[in-house]
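Here is run29.txt, consisting of compact mmCIF, C-alpha atoms and all ligand atoms:
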```txt
# COMPACT_ATOMS: atom_id res chain seq x y z
CA MET A 1 -13.86 17.14 4.26
CA ARG A 2 -17.12 15.25 4.52
CA GLU A 3 -17.31 11.68 5.81
CA ILE A 4 -19.16 9.24 3.58
CA SER A 5 -21.18 6.98 5.83
CA VAL A 6 -24.15 4.61 5.90
CA THR A 7 -25.39 6.56 8.89
CA ASP A 8 -25.53 9.66 6.67
CA PRO A 9 -27.71 8.67 3.69
CA ALA A 10 -27.39 12.17 2.24
CA SER A 11 -23.62 11.64 1.92
CA LEU A 12 -24.24 8.45 -0.07
CA GLN A 13 -26.65 10.27 -2.33
CA THR A 14 -24.06 13.01 -2.90
CA ILE A 15 -21.37 10.49 -3.91
CA ARG A 16 -23.76 8.59 -6.17
CA GLN A 17 -24.55 11.90 -7.83
CA LEU A 18 -20.86 12.72 -8.28
CA ILE A 19 -20.26 9.33 -9.88
CA GLU A 20 -23.40 9.70 -11.97
CA ASN A 21 -22.19 13.06 -13.31
CA SER A 22 -18.68 11.80 -14.03
CA GLN A 23 -17.57 10.43 -17.39
CA HIS A 24 -13.82 10.22 -16.78
CA PRO A 25 -13.18 9.36 -13.15
CA LEU A 26 -9.50 9.13 -12.24
CA ILE A 27 -7.97 6.87 -9.61
CA ILE A 28 -4.63 7.83 -8.10
CA SER A 29 -2.58 5.73 -5.69
CA HIS A 30 0.77 6.00 -3.96
CA LYS A 31 4.44 5.79 -4.83
CA ASN A 32 5.97 2.29 -4.95
CA PRO A 33 2.46 0.90 -5.32
CA ASP A 34 1.92 -2.37 -3.46
CA GLY A 35 -0.71 -5.11 -3.78
CA ASP A 36 -3.32 -3.06 -1.97
CA ALA A 37 -2.65 0.12 -3.98
CA ILE A 38 -2.92 -1.74 -7.29
CA GLY A 39 -5.66 -4.16 -6.16
CA SER A 40 -7.94 -1.46 -4.77
CA SER A 41 -7.36 0.79 -7.81
CA LEU A 42 -8.16 -1.97 -10.31
CA GLY A 43 -11.14 -3.11 -8.23
CA LEU A 44 -12.63 0.38 -8.25
CA LYS A 45 -11.79 0.82 -11.93
CA PHE A 46 -13.66 -2.32 -12.98
CA PHE A 47 -16.59 -1.33 -10.78
CA LEU A 48 -16.77 2.14 -12.36
CA LYS A 49 -16.67 0.49 -15.80
CA LYS A 50 -19.71 -1.54 -14.79
CA LEU A 51 -21.43 1.79 -14.16
CA GLY A 52 -20.64 2.85 -17.73
CA LYS A 53 -17.73 5.15 -16.87
CA MET A 54 -14.35 5.49 -18.57
CA PRO A 55 -11.99 5.38 -15.61
CA ASN A 56 -8.21 5.74 -15.59
CA ILE A 57 -5.56 4.84 -13.04
CA ILE A 58 -2.36 6.84 -12.49
CA VAL A 59 0.39 5.87 -10.06
CA PRO A 60 3.65 7.81 -9.55
CA ASP A 61 5.90 4.92 -10.57
CA THR A 62 5.92 1.25 -11.46
CA PHE A 63 4.72 -1.73 -9.40
CA PRO A 64 6.37 -5.10 -8.77
CA ASP A 65 6.19 -7.65 -11.63
CA PHE A 66 4.23 -10.16 -9.57
CA LEU A 67 1.18 -7.88 -9.77
CA SER A 68 1.10 -7.73 -13.56
CA PHE A 69 -1.10 -10.85 -13.80
CA LEU A 70 -4.01 -8.82 -12.42
CA PRO A 71 -6.69 -8.08 -15.02
CA GLY A 72 -6.23 -4.55 -16.33
CA ALA A 73 -2.76 -4.09 -14.79
CA ASP A 74 -1.44 -3.18 -18.26
CA THR A 75 -3.80 -0.19 -18.45
CA ILE A 76 -2.28 1.58 -15.41
CA LYS A 77 -0.37 4.77 -16.27
CA PHE A 78 2.94 5.72 -14.62
CA PHE A 79 3.51 9.40 -13.98
CA ASP A 80 7.31 9.13 -14.08
CA ARG A 81 7.47 7.62 -17.57
CA GLN A 82 4.13 8.52 -19.21
CA ARG A 83 3.99 12.13 -18.16
CA GLU A 84 2.25 13.50 -21.27
CA THR A 85 -0.49 10.86 -21.18
CA CYS A 86 -0.98 11.48 -17.46
CA LEU A 87 -1.27 15.25 -17.97
CA LYS A 88 -3.95 14.63 -20.61
CA ILE A 89 -5.87 12.36 -18.26
CA LEU A 90 -5.61 14.95 -15.47
CA ALA A 91 -6.91 17.63 -17.82
CA GLU A 92 -10.01 15.69 -18.83
CA THR A 93 -10.97 14.10 -15.51
CA ASP A 94 -14.10 15.20 -13.69
CA LEU A 95 -13.73 13.25 -10.41
CA ILE A 96 -10.63 11.97 -8.61
CA PHE A 97 -10.38 9.07 -6.17
CA PHE A 98 -7.27 8.84 -3.99
CA LEU A 99 -6.65 5.32 -2.74
CA ASP A 100 -4.42 3.77 -0.06
CA PHE A 101 -2.59 6.92 1.01
CA ASN A 102 -3.83 10.16 2.46
CA THR A 103 -1.37 12.96 2.05
CA LEU A 104 -0.73 14.50 -1.35
CA LYS A 105 2.86 15.26 -0.36
CA ARG A 106 3.57 11.53 -0.58
CA ILE A 107 3.21 11.64 -4.36
CA ASP A 108 5.23 14.80 -4.96
CA GLU A 109 4.50 16.60 -8.25
CA LEU A 110 1.59 14.32 -9.15
CA GLY A 111 0.01 15.31 -5.82
CA GLU A 112 0.48 18.98 -6.54
CA LEU A 113 -1.05 18.67 -10.01
CA ALA A 114 -3.97 16.55 -8.82
CA GLY A 115 -4.53 18.87 -5.88
CA ASN A 116 -4.89 21.82 -8.26
CA VAL A 117 -7.45 20.21 -10.56
CA SER A 118 -10.78 21.72 -9.57
CA VAL A 119 -12.92 18.57 -9.53
CA PRO A 120 -14.39 16.73 -6.53
CA LYS A 121 -11.79 14.68 -4.64
CA VAL A 122 -12.70 11.50 -2.80
CA LEU A 123 -10.37 9.71 -0.40
CA VAL A 124 -10.65 6.00 0.34
CA ASP A 125 -7.95 4.90 2.76
CA HIS A 126 -7.06 3.05 5.96
CA HIS A 127 -3.94 4.91 7.16
CA PRO A 128 -4.18 7.20 10.18
CA PHE A 129 -4.27 11.02 10.03
CA PRO A 130 -5.62 11.94 6.57
CA ASP A 131 -5.00 15.41 5.12
CA GLU A 132 -7.96 17.77 5.00
CA VAL A 133 -7.52 18.55 1.29
CA PHE A 134 -10.06 15.97 0.11
CA ASP A 135 -13.72 16.90 -0.33
CA TYR A 136 -15.10 13.53 0.75
CA SER A 137 -13.60 10.64 2.59
CA TYR A 138 -14.41 7.01 3.20
CA HIS A 139 -11.77 6.36 5.81
CA ARG A 140 -11.30 3.87 8.66
CA THR A 141 -8.19 2.44 10.25
CA ASN A 142 -9.85 -0.66 11.70
CA VAL A 143 -9.86 -2.54 8.40
CA SER A 144 -7.24 -4.73 6.74
CA SER A 145 -6.77 -2.71 3.62
CA THR A 146 -8.07 -0.11 1.20
CA SER A 147 -9.34 -3.02 -0.88
CA GLU A 148 -11.63 -4.01 2.01
CA LEU A 149 -12.91 -0.41 2.10
CA ILE A 150 -13.48 -0.34 -1.67
CA PHE A 151 -15.64 -3.46 -1.35
CA GLU A 152 -17.74 -1.77 1.36
CA PHE A 153 -17.82 1.50 -0.58
CA CYS A 154 -19.21 -0.20 -3.71
CA ARG A 155 -21.62 -2.30 -1.66
CA ILE A 156 -23.15 0.59 0.27
CA LEU A 157 -23.36 2.85 -2.77
CA TYR A 158 -24.66 0.27 -5.24
CA PRO A 159 -25.99 -2.75 -3.30
CA GLU A 160 -27.82 -3.93 -6.42
CA ILE A 161 -24.72 -4.29 -8.59
CA HIS A 162 -22.91 -7.62 -8.70
CA ILE A 163 -19.19 -6.86 -8.42
CA GLY A 164 -18.05 -9.69 -10.70
CA LYS A 165 -14.86 -11.67 -11.07
CA HIS A 166 -12.42 -8.89 -12.05
CA VAL A 167 -13.37 -6.57 -9.18
CA ALA A 168 -13.31 -9.53 -6.79
CA THR A 169 -9.87 -10.82 -7.84
CA SER A 170 -8.34 -7.32 -7.72
CA LEU A 171 -9.68 -6.60 -4.24
CA TYR A 172 -8.78 -10.09 -3.03
CA ALA A 173 -5.17 -9.46 -4.10
CA GLY A 174 -5.16 -6.27 -2.00
CA LEU A 175 -6.67 -8.01 1.00
CA SER A 176 -4.20 -10.89 0.76
CA THR A 177 -1.11 -8.72 0.44
CA ASP A 178 -1.94 -6.14 3.11
CA THR A 179 -2.63 -8.95 5.60
CA GLY A 180 0.31 -11.16 4.52
CA THR A 181 -2.25 -13.81 3.51
CA PHE A 182 -4.43 -13.18 6.54
CA ARG A 183 -1.68 -13.17 9.15
CA HIS A 184 -1.84 -9.56 10.37
CA ASN A 185 -4.05 -6.44 10.11
CA ILE A 186 -7.05 -8.72 10.56
CA HIS A 187 -10.27 -7.10 11.71
CA GLU A 188 -13.83 -8.20 12.21
CA GLY A 189 -14.93 -7.45 8.67
CA THR A 190 -11.87 -8.84 6.89
CA PHE A 191 -13.05 -12.44 6.68
CA PHE A 192 -16.58 -11.39 5.82
CA VAL A 193 -15.26 -9.35 2.88
CA ALA A 194 -12.87 -12.15 1.87
CA GLY A 195 -15.86 -14.52 1.84
CA GLU A 196 -17.93 -12.15 -0.27
CA LEU A 197 -15.06 -11.72 -2.74
CA PHE A 198 -14.62 -15.48 -2.92
CA LYS A 199 -18.35 -15.88 -3.58
CA ALA A 200 -18.12 -13.23 -6.33
CA GLY A 201 -15.48 -15.28 -8.13
CA ALA A 202 -12.14 -14.02 -6.79
CA ASP A 203 -9.39 -16.19 -8.25
CA HIS A 204 -7.71 -17.28 -5.01
CA ALA A 205 -5.40 -19.76 -6.77
CA ALA A 206 -4.09 -17.13 -9.19
CA VAL A 207 -3.46 -14.63 -6.40
CA ILE A 208 -1.51 -17.16 -4.33
CA GLN A 209 0.42 -18.49 -7.31
CA HIS A 210 1.42 -15.13 -8.81
CA ILE A 211 1.95 -13.09 -5.66
CA PHE A 212 3.21 -15.58 -3.11
CA ASP A 213 4.57 -18.57 -5.06
CA SER A 214 6.42 -16.87 -7.88
CA ASN A 215 9.86 -16.21 -6.46
CA SER A 216 12.72 -15.74 -8.88
CA LEU A 217 15.83 -17.79 -8.15
CA ASN A 218 17.76 -14.55 -7.50
CA ARG A 219 15.23 -13.46 -4.91
CA MET A 220 15.43 -16.78 -3.06
CA LYS A 221 19.24 -16.59 -3.08
CA LEU A 222 19.13 -13.02 -1.79
CA LEU A 223 16.75 -14.15 0.98
CA GLY A 224 19.08 -17.03 1.89
CA TYR A 225 22.06 -14.68 1.96
CA SER A 226 20.15 -12.11 4.03
CA LEU A 227 19.17 -14.67 6.68
CA ASN A 228 22.48 -16.52 6.75
CA ASP A 229 25.01 -13.69 6.49
CA LYS A 230 23.21 -10.45 7.19
CA LEU A 231 20.81 -11.01 10.08
CA THR A 232 21.73 -9.45 13.41
CA MET A 233 19.95 -10.48 16.59
CA LEU A 234 19.74 -8.13 19.56
CA PRO A 235 18.06 -10.28 22.22
CA GLU A 236 18.14 -7.42 24.77
CA TYR A 237 15.73 -5.51 22.53
CA GLY A 238 13.85 -8.51 21.14
CA THR A 239 15.00 -7.19 17.79
CA ALA A 240 16.31 -8.75 14.59
CA TYR A 241 17.50 -6.66 11.67
CA ILE A 242 18.93 -7.10 8.20
CA CYS A 243 21.07 -4.54 6.36
CA LEU A 244 21.47 -4.72 2.59
CA SER A 245 23.82 -2.43 0.71
CA ARG A 246 23.37 -1.43 -2.91
CA GLU A 247 26.35 -3.60 -3.86
CA GLU A 248 24.67 -6.64 -2.28
CA LEU A 249 21.33 -5.93 -3.93
CA THR A 250 23.08 -5.59 -7.29
CA ARG A 251 25.04 -8.80 -6.75
CA PHE A 252 21.72 -10.69 -6.62
CA SER A 253 20.29 -8.77 -9.61
CA HIS A 254 17.75 -7.19 -7.30
CA LYS A 255 14.41 -6.21 -8.86
CA LYS A 256 11.73 -4.03 -7.37
CA GLY A 257 9.76 -6.01 -4.79
CA ASP A 258 12.46 -8.66 -4.27
CA THR A 259 13.03 -7.77 -0.61
CA GLU A 260 9.29 -7.67 0.08
CA GLY A 261 8.57 -9.96 3.03
CA PHE A 262 12.20 -10.34 4.18
CA VAL A 263 11.40 -8.32 7.28
CA ASN A 264 8.58 -10.73 8.12
CA GLN A 265 11.02 -13.65 7.97
CA ALA A 266 13.13 -11.90 10.61
CA LEU A 267 10.00 -11.19 12.66
CA SER A 268 9.00 -14.87 12.57
CA ILE A 269 12.00 -15.84 14.72
CA GLU A 270 11.03 -16.96 18.20
CA GLY A 271 11.52 -14.23 20.78
CA VAL A 272 11.66 -11.42 18.21
CA LYS A 273 9.05 -8.73 18.79
CA MET A 274 10.45 -6.20 16.33
CA ALA A 275 12.20 -6.68 12.99
CA VAL A 276 13.84 -4.15 10.73
CA LEU A 277 15.02 -4.31 7.12
CA LEU A 278 17.41 -1.64 5.88
CA THR A 279 17.93 -1.35 2.13
CA GLU A 280 20.35 1.15 0.67
CA GLN A 281 18.79 3.02 -2.27
CA SER A 282 21.70 5.40 -2.89
CA GLU A 283 24.58 7.00 -1.02
CA ASN A 284 22.09 9.49 0.37
CA LEU A 285 19.11 7.27 1.08
CA THR A 286 18.45 4.09 3.05
CA LYS A 287 14.93 2.73 3.38
CA PHE A 288 13.61 1.16 6.58
CA SER A 289 10.85 -1.43 6.92
CA PHE A 290 9.65 -2.05 10.46
CA ARG A 291 7.46 -4.92 11.70
CA SER A 292 6.36 -5.79 15.20
CA LYS A 293 4.22 -8.34 16.98
CA GLY A 294 1.05 -7.87 19.02
CA ASN A 295 0.85 -4.82 21.24
CA PHE A 296 4.40 -3.73 20.53
CA ALA A 297 3.91 -0.65 18.31
CA ILE A 298 6.50 0.70 15.89
CA ASN A 299 4.67 3.40 13.91
CA THR A 300 5.43 6.18 16.38
CA PHE A 301 9.09 5.14 16.41
CA ALA A 302 9.12 5.25 12.59
CA SER A 303 7.49 8.67 12.41
CA THR A 304 9.52 10.22 15.24
CA TYR A 305 13.01 9.08 14.23
CA PHE A 306 12.81 7.91 10.61
CA ASN A 307 10.63 10.47 8.86
CA GLY A 308 8.08 7.77 8.13
CA GLY A 309 5.01 6.17 9.65
CA GLY A 310 2.42 3.50 9.08
CA HIS A 311 0.44 1.03 11.10
CA LYS A 312 1.00 -0.23 14.61
CA ASN A 313 2.72 -3.44 13.46
CA ALA A 314 4.00 -2.41 10.02
CA ALA A 315 5.68 0.88 9.23
CA GLY A 316 8.34 2.40 7.02
CA GLY A 317 10.88 5.17 7.16
CA VAL A 318 13.97 6.66 5.58
CA PHE A 319 17.45 7.80 6.56
CA GLU A 320 19.56 10.20 4.55
CA GLY A 321 22.82 8.34 4.19
CA THR A 322 24.47 4.99 3.52
CA VAL A 323 23.23 1.76 5.03
CA ASP A 324 26.18 1.72 7.45
CA LYS A 325 25.29 5.14 8.81
CA ALA A 326 21.62 4.16 8.92
CA GLU A 327 22.48 1.07 10.94
CA ALA A 328 24.53 3.11 13.43
CA TYR A 329 21.64 5.56 13.76
CA LEU A 330 19.15 2.71 14.31
CA LEU A 331 21.32 1.32 17.11
CA THR A 332 21.44 4.67 18.90
CA GLN A 333 17.63 5.08 18.65
CA LEU A 334 16.63 1.54 19.67
CA PRO A 335 16.30 2.35 23.40
CA GLU A 336 13.62 4.89 22.39
CA VAL A 337 11.31 2.23 20.93
CA GLU A 338 11.40 0.53 24.32
CA LYS A 339 10.45 3.77 26.04
CA LEU A 340 7.63 4.43 23.55
CA ASN A 341 6.22 0.99 24.36
CA ALA A 342 6.81 1.14 28.12
MN MN B 1 -3.05 -0.58 2.18
```
What would you get if you wrote out this structure as structure tokens?
Amino acid sequence: MREISVTDPASLQTIRQLIENSQHPLIISHKNPDGDAIGSSLGLKFFLKKLGKMPNIIVPDTFPDFLSFLPGADTIKFFDRQRETCLKILAETDLIFFLDFNTLKRIDELGELAGNVSVPKVLVDHHPFPDEVFDYSYHRTNVSSTSELIFEFCRILYPEIHIGKHVATSLYAGLSTDTGTFRHNIHEGTFFVAGELFKAGADHAAVIQHIFDSNSLNRMKLLGYSLNDKLTMLPEYGTAYICLSREELTRFSHKKGDTEGFVNQALSIEGVKMAVLLTEQSENLTKFSFRSKGNFAINTFASTYFNGGGHKNAAGGVFEGTVDKAEAYLLTQLPEVEKLNA
């Protein structure tokens, strides 16, 4: 795997050449794509179109409704329900970009298929510990988001090209969501890039309105219920957690993305340094979202005990079993998070 870097001009020339030679670049992002996955993918797609390419985007499955306002969102292909189309795209592509994740295992069969296509593979990502299967990588963890990296990537490769409104709005959506509207994951370059995107015409008002101020009534009721009836405080661990069973999610006509941000509400309580949201997906699977404040890290806890991982202050994991069993397991492991942070 070769690092793409401004300090290595030959690497930039190589990537420019790869893009130059490509007619059908393909962009692939992760399962349960979030604002950064979709924003960075669309941003890169519009940029590649400016270069005269015919890019495609494939994601393993669908994204939350609140992202569908993004320009070009309706052109994204879903591997789980448009398999034939995706196979055709994979067969004709000549260059693949992998965005906002860094291990092919995370996208199951799509990862296997993409891994076996013999075309150059470029990783652009901000999560720690990338796989070595990619040919080239533009990778740093000290940035807010993959969208921030895509901005830099386009800027250093093609400083002469104006990114334009569509690229800017897409990347701005990724920056805003991965930082919780500039609350966490902030780094030195984040505000610079946000400023540049704003200058290039990013539609701040649309991003805020569609992503942050577009709650369905059901979602708000589920949030109210979660905070009022389902929040458990454990002051001895500085921890607050919320458990939601499938029955409860169904009762509030839960849609994908509805519980997004609930864990941050729990984290915002005074004295809480770690918050956890448990959502039951099936009898055999409960999903965990972890958040923490400041120097209190939760990614190692998530990877060690919950088969997951992520960033220092935001991580995810899974448990094979019902939400009740997952809760019991969490309670037995909580002392470990203290030890990891001691
Ligand atoms: Mn991201």
Write out as a CSV table (one decimal) with C-alpha atoms, in the frame of the given file which residues come within 12 Å of A:Asn284 when counting all atoms listed in the file, dropping same-chain ones fewer than 2 positions away.
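So the final result, stored in selection_37.csv, reads:
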```csv
chain,number,residue,atom,x,y,z
A,246,ARG,CA,23.4,-1.4,-2.9
A,279,THR,CA,17.9,-1.4,2.1
A,280,GLU,CA,20.4,1.2,0.7
A,281,GLN,CA,18.8,3.0,-2.3
A,282,SER,CA,21.7,5.4,-2.9
A,286,THR,CA,18.4,4.1,3.0
A,287,LYS,CA,14.9,2.7,3.4
A,318,VAL,CA,14.0,6.7,5.6
A,319,PHE,CA,17.4,7.8,6.6
A,320,GLU,CA,19.6,10.2,4.6
A,321,GLY,CA,22.8,8.3,4.2
A,322,THR,CA,24.5,5.0,3.5
A,323,VAL,CA,23.2,1.8,5.0
A,324,ASP,CA,26.2,1.7,7.4
A,325,LYS,CA,25.3,5.1,8.8
A,326,ALA,CA,21.6,4.2,8.9
```
Using only C-alpha atoms for the distances, tell me which of A:Ala91, A:Ile76, A:Ile57, A:Cys154 is nearest to A:Ile15.
A:Cys154
Restricting the calculation to only C-alpha atoms and all ligand atoms, which member of A:Glu327, A:Glu336, A:Glu109, A:Asp36 is positioned closest to ligand MN 1 (chain B)?
A:Asp36
A:Thr177 environment, 12 Å, all atoms listed in the file, sequence neighbours closer than 4 positions dropped, as a PyMOL selection string
chain A and resi 33-40+66-67+144-148+170-173+181-186+207-208+210-212+260-261
Skip A:Thr232 itself and residues of its chain fewer than 4 positions away, then list as an MDAnalysis selection string all residues within 7 Å of it, counting all atoms listed in the file.
chainID A and resid 240:242
Which of these, A:Leu26, A:Ala10, A:Met274, A:Ile19, has the shortest distance to A:Asn341 once you count all atoms listed in the file?
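Using all atoms listed in the file, A:Asn341 sits closest to A:Met274.
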Quick one: residues within 12 Å of A:Gly189, all atoms listed in the file counted, chain neighbours fewer than 5 positions away excluded, as a list in words?
Arg140, Asn142, Val143, Ser144, Ser145, Ser147, Glu148, Leu149, Phe151, Glu152, Leu175, Ala194, Gly195 and Glu196 of chain A
Got a sec: who's within 10 Å of A:Leu157, counting all atoms listed in the file, leaving out chain neighbours fewer than 5 positions off, as a compact mmCIF listing (two decimals) with C-alpha atoms, keeping the file's coordinate frame?
```
# COMPACT_ATOMS: atom_id res chain seq x y z
CA ILE A 4 -19.16 9.24 3.58
CA SER A 5 -21.18 6.98 5.83
CA VAL A 6 -24.15 4.61 5.90
CA PRO A 9 -27.71 8.67 3.69
CA SER A 11 -23.62 11.64 1.92
CA LEU A 12 -24.24 8.45 -0.07
CA GLN A 13 -26.65 10.27 -2.33
CA ILE A 15 -21.37 10.49 -3.91
CA ARG A 16 -23.76 8.59 -6.17
CA GLU A 152 -17.74 -1.77 1.36
```
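Comparing the minimum interatomic distances between ligand MN 1 (chain B) and each of A:Ala202, A:Ala315, A:Val117, A:Leu104, counting all atoms listed in the file, we find that A:Ala315 sits nearest.
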If you measure from atom CA of A:Phe47 to atom CA of A:Ala114, what distance in Å do you get, rounded to one decimal?
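Atom CA of A:Ala114 lies at a distance of 22.0 Å from atom CA of A:Phe47.
Nearest to A:Val119 of all the residues A:Pro60, A:Pro25, A:Gly72, A:Gly317 is A:Pro25, counting only C-alpha atoms.
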I need the residue nearest A:Phe79 from this list: A:Leu244, A:Asn215, A:Tyr158, A:Ile58. Use only C-alpha atoms for the distance.
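Of all the options, A:Ile58 lies closest to A:Phe79.
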Kindly give the distance, in Å, that separates atom CA of A:Ile107 and atom CA of A:Ser29, rounded to a single decimal.
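So the answer is 8.4 Å.
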For the point (12.4, -5.8, -2.2) in the file's frame, write as a PyMOL selection string all residues with an atom no more than 10 Å away, counting all atoms listed in the file.
chain A and resi 64+219+222-223+249+254-263+277+279
